[in-house]
Amino acid sequence: MKVAIIGRSEYLYETALVLIENGFEIPLIITSKESPEYLYTSKDFQTLASKYGAHFIHTPKINSPEIIAQIKSCGKIDIAVSINYSGIIENEIIHLFTLGILNAHGGDLPRYRGNACMAWAIINKEKRVGLCIHKMIGGELDSGNIILKKYLDININTRVGEIFNWMRKEIPFMMFNALKMLNSNPFYILEEQSKNRTEAMRTYPRVPEDGKIDWTKSNEDILRLINASSEPNSGAFCVYNEQKLIIWNAELFDDYENYLAIPGQIAEISKSGYAIIITGKGKLKLNMIEYLNKKSIPNEVFKSIRYRLK
């Protein structure tokens, strides 16, 4: 089975390796400029293409006539797999492959379509997140019939990096299994995605500014924001002594104290390192912070309970 590789990120690179190791032929690799957080660059994909004799294309404009001509020059390719490509792929590209294009999507389709689905799932108090391999429909976002789906149970303490690590482990072998099934039965589908827009939910991109903490929120809401913003994202943040302070690790805290305080108040600075902060409802225990570009335990930064986080 001939499989084209389209996209970016370690998820795609490691998927390509699994496919090669299991006998799939890779005649074409298409990529574009990597995002800063990706572990593999476009140069790595170029090296991979050279090693295995694949035609290599680096472009943010996959739908252009020039790229279409290059793809056609590679001859008949059975199917393509796409992960994290930088733009929307149109039907004219999808139809160049006999069985279309498979996409790996970190989100429980059809309810989580779009960007930053895993972070939004944490914030939205979901009990699990989904990971789907689905057929692409040109010009549409995360639609198309689902071939494989897996779930990971999550809770208020789940950090987004844990979900990304799970995805990185699962995607290459899910894609491999999906290709095997389609090679045996080109018409196989696990689940037909509904066309009813009311059954789907679009999640829009999150930007670093979205990590700003509002201390009037409950400790649960703030903890979810911290965990959704944690590595590899840029972190949930607030202001301490007129400087930005990032909170990387925290947990709920309850000492059953009756108190009156303004949200953001530093309530305790422990000799063992942590600090307790008052929120709009309940307390939060901070375990790891970053201040003035240095990661540290809170008691290395906080010296008095007469300060507040803003």
# chains A, B, ... in the order shown; residues from 1 in each chain; ligands from 1

call {"tool": "select_by_dssp", "arguments": {"residues": "segment 54-299 of chain A", "states": "alpha helix (DSSP H)", "output": "VMD selection string"}}
result
chain A and resid 65 to 72 91 to 94 117 to 123 160 to 184 219 to 229

call {"tool": "atom_distance", "arguments": {"atom1": "atom CA of Ser234 of chain A", "atom2": "atom CA of Ser296 of chain A"}}
result
16.1 Å

call {"tool": "residues_around", "arguments": {"residues": "Cys74 of chain A", "least_positions_apart": "5", "cutoff": "8 Å", "atoms": "only C-alpha atoms", "output": "ChimeraX atom specification"}}
result
/A:27-28,55

call {"tool": "write_last_selection", "arguments": {"atoms": "N, CA and C atoms", "output": "CSV table (one decimal), in the first residue's frame"}}
result
chain,number,residue,atom,x,y,z
A,27,PRO,N,5.8,7.2,-0.9
A,27,PRO,CA,6.4,7.8,-2.1
A,27,PRO,C,6.4,9.4,-2.1
A,28,LEU,N,5.7,9.9,-1.1
A,28,LEU,CA,5.5,11.4,-1.0
A,28,LEU,C,5.4,11.9,0.4
A,55,HIS,N,9.4,11.6,-2.7
A,55,HIS,CA,9.4,13.0,-3.2
A,55,HIS,C,9.0,13.9,-2.1

call {"tool": "select_by_dssp", "arguments": {"residues": "segment 149-307 of chain A", "states": "strand (DSSP E)", "output": "number ranges by chain"}}
result
A: 149-153, 202-203, 236-240, 243-253, 266-269, 275-278, 283-291, 294-296

call {"tool": "residues_around", "arguments": {"residues": "segment 120-132 of chain A", "least_positions_apart": "2", "cutoff": "7 Å", "atoms": "only C-alpha atoms", "output": "ChimeraX atom specification"}}
result
/A:104-108,116-118,134,146,148-155,224-225,228

call {"tool": "write_last_selection", "arguments": {"atoms": "C-alpha atoms", "output": "PDB file, in the first residue's frame"}}
result
ATOM      1  CA  ALA A 104      -5.658  12.168  13.232  1.00  0.00           C
ATOM      2  CA  HIS A 105      -7.690  14.507  15.426  1.00  0.00           C
ATOM      3  CA  GLY A 106      -7.276  15.034  19.160  1.00  0.00           C
ATOM      4  CA  GLY A 107     -10.913  15.586  20.024  1.00  0.00           C
ATOM      5  CA  ASP A 108     -14.091  13.586  20.591  1.00  0.00           C
ATOM      6  CA  ALA A 116      -6.980  23.244  21.286  1.00  0.00           C
ATOM      7  CA  CYS A 117      -9.599  20.554  21.881  1.00  0.00           C
ATOM      8  CA  MET A 118      -7.687  18.923  24.739  1.00  0.00           C
ATOM      9  CA  HIS A 134     -11.227   9.989  10.301  1.00  0.00           C
ATOM     10  CA  ILE A 146     -14.569   8.035  11.660  1.00  0.00           C
ATOM     11  CA  LEU A 148     -11.011   4.500  14.661  1.00  0.00           C
ATOM     12  CA  LYS A 149     -11.618   6.140  18.026  1.00  0.00           C
ATOM     13  CA  LYS A 150     -10.043   5.834  21.477  1.00  0.00           C
ATOM     14  CA  TYR A 151     -10.712   7.549  24.801  1.00  0.00           C
ATOM     15  CA  LEU A 152      -8.626   8.651  27.759  1.00  0.00           C
ATOM     16  CA  ASP A 153     -10.297   9.258  31.117  1.00  0.00           C
ATOM     17  CA  ILE A 154      -9.427  12.644  32.622  1.00  0.00           C
ATOM     18  CA  ASN A 155     -10.233  14.587  35.780  1.00  0.00           C
ATOM     19  CA  ARG A 224      -8.505  23.583  35.359  1.00  0.00           C
ATOM     20  CA  LEU A 225      -7.088  26.670  33.656  1.00  0.00           C
ATOM     21  CA  ALA A 228      -5.087  23.264  30.456  1.00  0.00           C
TER      22      ALA A 228
END

call {"tool": "residues_around", "arguments": {"residues": "Glu90 of chain A", "least_positions_apart": "4", "cutoff": "9 Å", "atoms": "only C-alpha atoms", "output": "JSON list (two decimals) with C-alpha atoms, in the first residue's frame"}}
result
[["chain", "number", "residue", "atom", "x", "y", "z"],
["A", 62, "ILE", "CA", -0.87, 22.56, -0.85],
["A", 63, "ASN", "CA", -3.94, 23.40, -2.96],
["A", 94, "ILE", "CA", -8.04, 14.58, -1.46],
["A", 95, "HIS", "CA", -9.26, 13.14, -4.75],
["A", 137, "ILE", "CA", -13.69, 16.16, 3.56],
["A", 138, "GLY", "CA", -12.14, 18.96, 1.53],
["A", 139, "GLY", "CA", -12.60, 22.47, 2.85],
["A", 140, "GLU", "CA", -14.21, 21.26, 6.08]]

call {"tool": "closest_atom_pairs", "arguments": {"of": "segment 127-238 of chain A", "to": "segment 304-309 of chain A", "cutoff": "12 Å", "atoms": "only C-alpha atoms", "output": "JSON lines"}}
result
{"residue": "A:Lys212", "atom": "CA", "partner": "A:Leu309", "partner_atom": "CA", "distance": 11.5}
{"residue": "A:Ile213", "atom": "CA", "partner": "A:Leu309", "partner_atom": "CA", "distance": 9.4}
{"residue": "A:Asp214", "atom": "CA", "partner": "A:Leu309", "partner_atom": "CA", "distance": 9.7}
{"residue": "A:Trp215", "atom": "CA", "partner": "A:Leu309", "partner_atom": "CA", "distance": 7.9}
{"residue": "A:Thr216", "atom": "CA", "partner": "A:Leu309", "partner_atom": "CA", "distance": 11.1}
{"residue": "A:Phe237", "atom": "CA", "partner": "A:Leu309", "partner_atom": "CA", "distance": 9.7}
{"residue": "A:Cys238", "atom": "CA", "partner": "A:Leu309", "partner_atom": "CA", "distance": 6.5}

call {"tool": "write_last_selection", "arguments": {"atoms": "C-alpha atoms", "output": "tab-separated table (two decimals), in the first residue's frame"}}
result
chain	number	residue	atom	x	y	z
A	212	LYS	CA	-4.58	34.97	32.63
A	213	ILE	CA	-5.91	33.89	36.03
A	214	ASP	CA	-8.95	35.58	37.53
A	215	TRP	CA	-8.59	34.97	41.26
A	216	THR	CA	-12.30	35.71	41.84
A	237	PHE	CA	-0.23	33.37	34.79
A	238	CYS	CA	-0.95	36.28	37.12

call {"tool": "closest_residue", "arguments": {"among": "A:Gly282, A:Pro232, A:Pro110, A:Pro172", "to": "Ser82 of chain A", "atoms": "only C-alpha atoms"}}
result
A:Pro172

call {"tool": "residues_around", "arguments": {"residues": "Leu245 of chain A", "least_positions_apart": "4", "cutoff": "8 Å", "atoms": "only C-alpha atoms", "output": "CSV table (one decimal) with C-alpha atoms, in the first residue's frame"}}
result
chain,number,residue,atom,x,y,z
A,237,PHE,CA,-0.2,33.4,34.8
A,238,CYS,CA,-1.0,36.3,37.1
A,239,VAL,CA,0.9,39.3,38.5
A,240,TYR,CA,3.0,39.3,41.6
A,289,ILE,CA,5.9,28.6,39.7
A,290,GLU,CA,8.0,30.7,37.4
A,291,TYR,CA,9.1,34.2,38.2
A,292,LEU,CA,11.5,36.5,36.5

call {"tool": "residues_around", "arguments": {"residues": "Ile262 of chain A", "least_positions_apart": "4", "cutoff": "8 Å", "atoms": "only C-alpha atoms", "output": "VMD selection string"}}
result
chain A and resid 278 to 280

call {"tool": "write_last_selection", "arguments": {"atoms": "N, CA and C atoms", "output": "short mmCIF file (atom, residue, chain, number, x, y, z; two decimals), in the first residue's frame"}}
result
data_model
loop_
_atom_site.label_atom_id
_atom_site.label_comp_id
_atom_site.auth_asym_id
_atom_site.auth_seq_id
_atom_site.Cartn_x
_atom_site.Cartn_y
_atom_site.Cartn_z
N ILE A 278 -5.76 32.20 48.36
CA ILE A 278 -7.22 32.32 48.46
C ILE A 278 -7.80 32.62 47.09
N THR A 279 -8.88 31.93 46.72
CA THR A 279 -9.59 32.22 45.46
C THR A 279 -11.00 32.72 45.78
N GLY A 280 -11.77 32.94 44.74
CA GLY A 280 -13.14 33.39 44.96
C GLY A 280 -13.98 32.36 45.68
#
